[in-house]
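Colleague: Questions regarding the structure given below will be posed in turn.
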Amino acid sequence: MVSRVLLANVIANGVIVVTGGAVRLTGSGLGCPTWPECTDGSIRPTPELAGHGLIEFGNRLLTFVVLLTAVATVVAVFASVRRDLRKLAVLSFLGIPAQAALGGVTVLTGLNPWTVAAHFLVSTVLIAIATVLWLRSREPGVGQLVVRRPFALLVTGIAATVAAVQVVGTVVTGSGPHSGDPEAGRTGLDPELVSQLHADFVFLLIGLTIALLVALSATDSPGRVRRATRDLLVVELLQGVIGYVQYFTGLPVVAVLLHMAGAVLITVYTARLVWSVRGPASELPVDAAHPVSAAVR
């Protein structure tokens, strides 16, 4: 039951990122031009705001769904015997009001591209926390490393590179044409230049992931880590293809939305890889005298 609630928390945090992208891509970012009300004196969109107001208001309503899943997560975790999950559950909950406030700042600043970027990046952090929380809930506790330390360090490097890809990706978005509203500002940076930088980080990420997968396979490392690395690589390659398609086809809305969904999946699968390098609490460390249990192979 606890794991199902935590999985719902992951899904809710991912869905609101994609719907937020739809708000921006339809030019509805200021469909509700103020915050916390939609317009001065009205919590709901007025007829004058038409479809843009409904789209933005609908995304705001989803925040309450995300909040409910975060509350349910805290309640489920604190009602269980898993004290080790409580810190992550609280962080997952606290991120929602913080994110709502940042969303308000984003609206009140007229969709400043830097606050829009921060809004997205906080969401990726919440998705990562929710993913690790869910995965940990399916095991009795967090144990020792099940891979050699250099491999664990490489996993950390991959996670850091993913963070860099996401950060530069938001700069690309803030420099491109999809501002969320015709009056919204842009970063003023050269879109082609920051896109190339973003692509360079993506190439680095794919290279590191391939290197890890080869090293894990050559040393017969636990299957859970190999599978997590393989799946992350597949998502990276698909995301790369979508990225090139959107770039060379003039950033069509559907491709950009798919790319945002891909960013969510990259975050989830990276969090899964980071989680995978430590076995359940009952597992022996990789350097122990006895082999790691077949349960993680």
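Labels for the structure tokens follow display order: chains A, B, ..., residues from 1 in each chain, ligands from 1.
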Do you have, as a Markdown table, the list of residues of region 196-247 of chain A lying at most 9 Å from region 255-264 of chain A, each with its nearest atom pair and that distance in Å to one decimal, counting only C-alpha atoms and ordered by chain then number?
Modeller:
```
| residue | atom | partner | partner_atom | distance |
| --- | --- | --- | --- | --- |
| A:Val235 | CA | A:Gly262 | CA | 7.4 |
| A:Glu236 | CA | A:Gly262 | CA | 8.3 |
| A:Leu238 | CA | A:Gly262 | CA | 8.0 |
| A:Gln239 | CA | A:Gly262 | CA | 5.7 |
| A:Gly240 | CA | A:His259 | CA | 8.8 |
| A:Ile242 | CA | A:His259 | CA | 6.1 |
| A:Gly243 | CA | A:His259 | CA | 6.5 |
| A:Val245 | CA | A:Ala255 | CA | 7.3 |
| A:Gln246 | CA | A:Ala255 | CA | 5.4 |
```
Colleague: Would you mind listing what lies within 7 Å of Trp134 (chain A) as an MDAnalysis selection string, with only C-alpha atoms counted and same-chain residues fewer than 6 positions away left out?
Modeller: chainID A and resid 3 6:7
Colleague: Just the selected residues (C-alpha atoms), exported as a short mmCIF file (atom, residue, chain, number, x, y, z; two decimals), in the first residue's frame, please.
Modeller:
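Output file selection28.cif follows:
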```cif
data_model
loop_
_atom_site.label_atom_id
_atom_site.label_comp_id
_atom_site.auth_asym_id
_atom_site.auth_seq_id
_atom_site.Cartn_x
_atom_site.Cartn_y
_atom_site.Cartn_z
CA SER A 3 4.67 1.76 -2.31
CA LEU A 6 4.71 6.70 -3.30
CA LEU A 7 4.44 5.64 -6.94
#
```
Colleague: As a PDB file with N, CA and C atoms, in the first residue's frame, please: the residues near Thr229 (chain A) (cut-off 8 Å, only C-alpha atoms, same-chain neighbours under 3 positions excluded).
Modeller:
```pdb
ATOM      1  N   THR A 209      27.644   6.923 -19.767  1.00  0.00           N
ATOM      2  CA  THR A 209      26.703   5.827 -19.520  1.00  0.00           C
ATOM      3  C   THR A 209      27.144   4.560 -20.247  1.00  0.00           C
ATOM      4  N   LEU A 212      30.064   3.081 -18.352  1.00  0.00           N
ATOM      5  CA  LEU A 212      29.626   2.370 -17.147  1.00  0.00           C
ATOM      6  C   LEU A 212      29.033   1.022 -17.498  1.00  0.00           C
ATOM      7  N   LEU A 213      28.210   0.981 -18.536  1.00  0.00           N
ATOM      8  CA  LEU A 213      27.571  -0.287 -18.925  1.00  0.00           C
ATOM      9  C   LEU A 213      28.610  -1.308 -19.345  1.00  0.00           C
ATOM     10  N   VAL A 225      22.082  -3.093 -11.225  1.00  0.00           N
ATOM     11  CA  VAL A 225      22.833  -1.919 -11.667  1.00  0.00           C
ATOM     12  C   VAL A 225      22.977  -1.932 -13.187  1.00  0.00           C
ATOM     13  N   ARG A 226      23.227  -3.104 -13.761  1.00  0.00           N
ATOM     14  CA  ARG A 226      23.347  -3.202 -15.219  1.00  0.00           C
ATOM     15  C   ARG A 226      22.037  -2.824 -15.895  1.00  0.00           C
ATOM     16  N   LEU A 232      18.658   3.521 -18.641  1.00  0.00           N
ATOM     17  CA  LEU A 232      18.970   4.951 -18.727  1.00  0.00           C
ATOM     18  C   LEU A 232      19.568   5.284 -20.088  1.00  0.00           C
ATOM     19  N   LEU A 233      20.442   4.430 -20.585  1.00  0.00           N
ATOM     20  CA  LEU A 233      21.060   4.663 -21.894  1.00  0.00           C
ATOM     21  C   LEU A 233      20.005   4.685 -22.997  1.00  0.00           C
ATOM     22  N   LEU A 273      19.183   4.683 -11.192  1.00  0.00           N
ATOM     23  CA  LEU A 273      20.573   4.231 -11.259  1.00  0.00           C
ATOM     24  C   LEU A 273      21.298   4.538  -9.955  1.00  0.00           C
TER      25      LEU A 273
END
```
Colleague: Ala228 (chain A): which residues within 10 Å, counting only C-alpha atoms, same-chain residues fewer than 4 positions away excluded, as a PyMOL selection string?
Modeller: chain A and resi 213+223-224+232-233+269-277
Colleague: Could the residues in this selection be written to a file with C-alpha atoms, as a short mmCIF file (atom, residue, chain, number, x, y, z; two decimals), in the first residue's frame?
Modeller:
```
data_model
loop_
_atom_site.label_atom_id
_atom_site.label_comp_id
_atom_site.auth_asym_id
_atom_site.auth_seq_id
_atom_site.Cartn_x
_atom_site.Cartn_y
_atom_site.Cartn_z
CA LEU A 213 27.57 -0.29 -18.93
CA GLY A 223 22.02 -7.19 -12.55
CA ARG A 224 20.07 -4.41 -10.88
CA LEU A 232 18.97 4.95 -18.73
CA LEU A 233 21.06 4.66 -21.89
CA TYR A 269 15.93 6.63 -14.62
CA THR A 270 18.93 8.53 -13.28
CA ALA A 271 17.45 8.41 -9.79
CA ARG A 272 16.91 4.68 -10.29
CA LEU A 273 20.57 4.23 -11.26
CA VAL A 274 21.74 6.12 -8.17
CA TRP A 275 19.43 3.98 -6.04
CA SER A 276 20.62 0.71 -7.61
CA VAL A 277 24.24 0.90 -6.47
#
```
Colleague: Which of these residues is nearest to Leu265 (chain A), using only C-alpha atoms: A:Thr124, A:Ser217, A:Thr115, A:Ser175?
Modeller: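 Looking only at the distances to Leu265 (chain A), the closest residue turns out to be A:Thr124.
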Colleague: Using the chain letters and numbers from this document, which residues of region 28-241 of chain A does DSSP assign to strand (DSSP E or B), as a VMD selection string?
Modeller: chain A and resid 39 42 142 to 145
Colleague: Calculate how many Å separate CA of Val10 (chain A) from CA of Gly207 (chain A), rounding to one decimal.
Modeller: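 Atom-to-atom, CA of Val10 (chain A) and CA of Gly207 (chain A) are spaced 27.7 Å apart.
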Colleague: Near region 17-23 of chain A, within 12 Å and counting only C-alpha atoms, which residues show up once chain neighbours fewer than 5 positions away are dropped, as a ChimeraX atom specification?
Modeller: /A:10-12,28-32,51-63,66,99,103,111,116-117,119-127,170,173,178-181,253-265,267
Colleague: Calculated over only C-alpha atoms, which of the candidates A:Val2, A:Val146, A:Val74, A:Leu102 has the smallest distance to Ala281 (chain A)?
Modeller: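 Result for the nearest residue to Ala281 (chain A): A:Val146.
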Colleague: Pick the closest to Pro45 (chain A) from A:Gly104, A:Pro33, A:Pro191, A:Gly169: which is it, counting only C-alpha atoms?
Modeller: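 So, comparing all the options, the nearest one is A:Pro33.
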Colleague: Would you list the contacts of Thr69 (chain A) as a list in words, taking every protein, DNA or RNA residue within 7 Å and counting only C-alpha atoms, but skipping same-chain residues closer than 3 positions in sequence?
Modeller: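 Listing them by chain and then by number gives Ala8, Asn9, Val65, Val66, Ala72 and Thr73 of chain A.
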Colleague: Would you write out those residues with C-alpha atoms, as a PDB file, in the first residue's frame?
Modeller:
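The resulting part_33.pdb:
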```pdb
ATOM      1  CA  ALA A   8       1.420   7.934  -7.318  1.00  0.00           C
ATOM      2  CA  ASN A   9       3.605  10.710  -5.928  1.00  0.00           C
ATOM      3  CA  VAL A  65      -3.457  16.892  -6.875  1.00  0.00           C
ATOM      4  CA  VAL A  66       0.317  16.910  -6.423  1.00  0.00           C
ATOM      5  CA  ALA A  72      -0.644  11.014   1.402  1.00  0.00           C
ATOM      6  CA  THR A  73       3.039  10.135   1.061  1.00  0.00           C
TER       7      THR A  73
END
```
Colleague: Check region 21-210 of chain A with DSSP on the backbone and list each residue it calls helix (DSSP H, G or I), as a VMD selection string.
Modeller: chain A and resid 21 to 25 47 to 79 83 to 108 113 to 137 149 to 175 191 to 210
Colleague: Please indicate the distance in Å from CA of Leu67 (chain A) to CA of Gly95 (chain A), rounded to one decimal place.
Modeller: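 Interatomic distance here is 9.4 Å.
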Colleague: Distance CA of Ser92 (chain A)-CA of Ala164 (chain A), one decimal place?
Modeller: 21.9 Å
Colleague: I need the residue nearest Ile266 (chain A) from this list: A:Leu205, A:Ile210, A:Leu49, A:Leu251. Use only C-alpha atoms for the distance.
Modeller: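 Closest to Ile266 (chain A), using only C-alpha atoms: A:Leu205.
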Colleague: Go through A:Val171, A:Ala215, A:Asp220, A:Gly27 one by one, measure the shortest atom-to-atom distance of each to Val155 (chain A) using only C-alpha atoms, and give the residue with the smallest value.
Modeller: A:Ala215
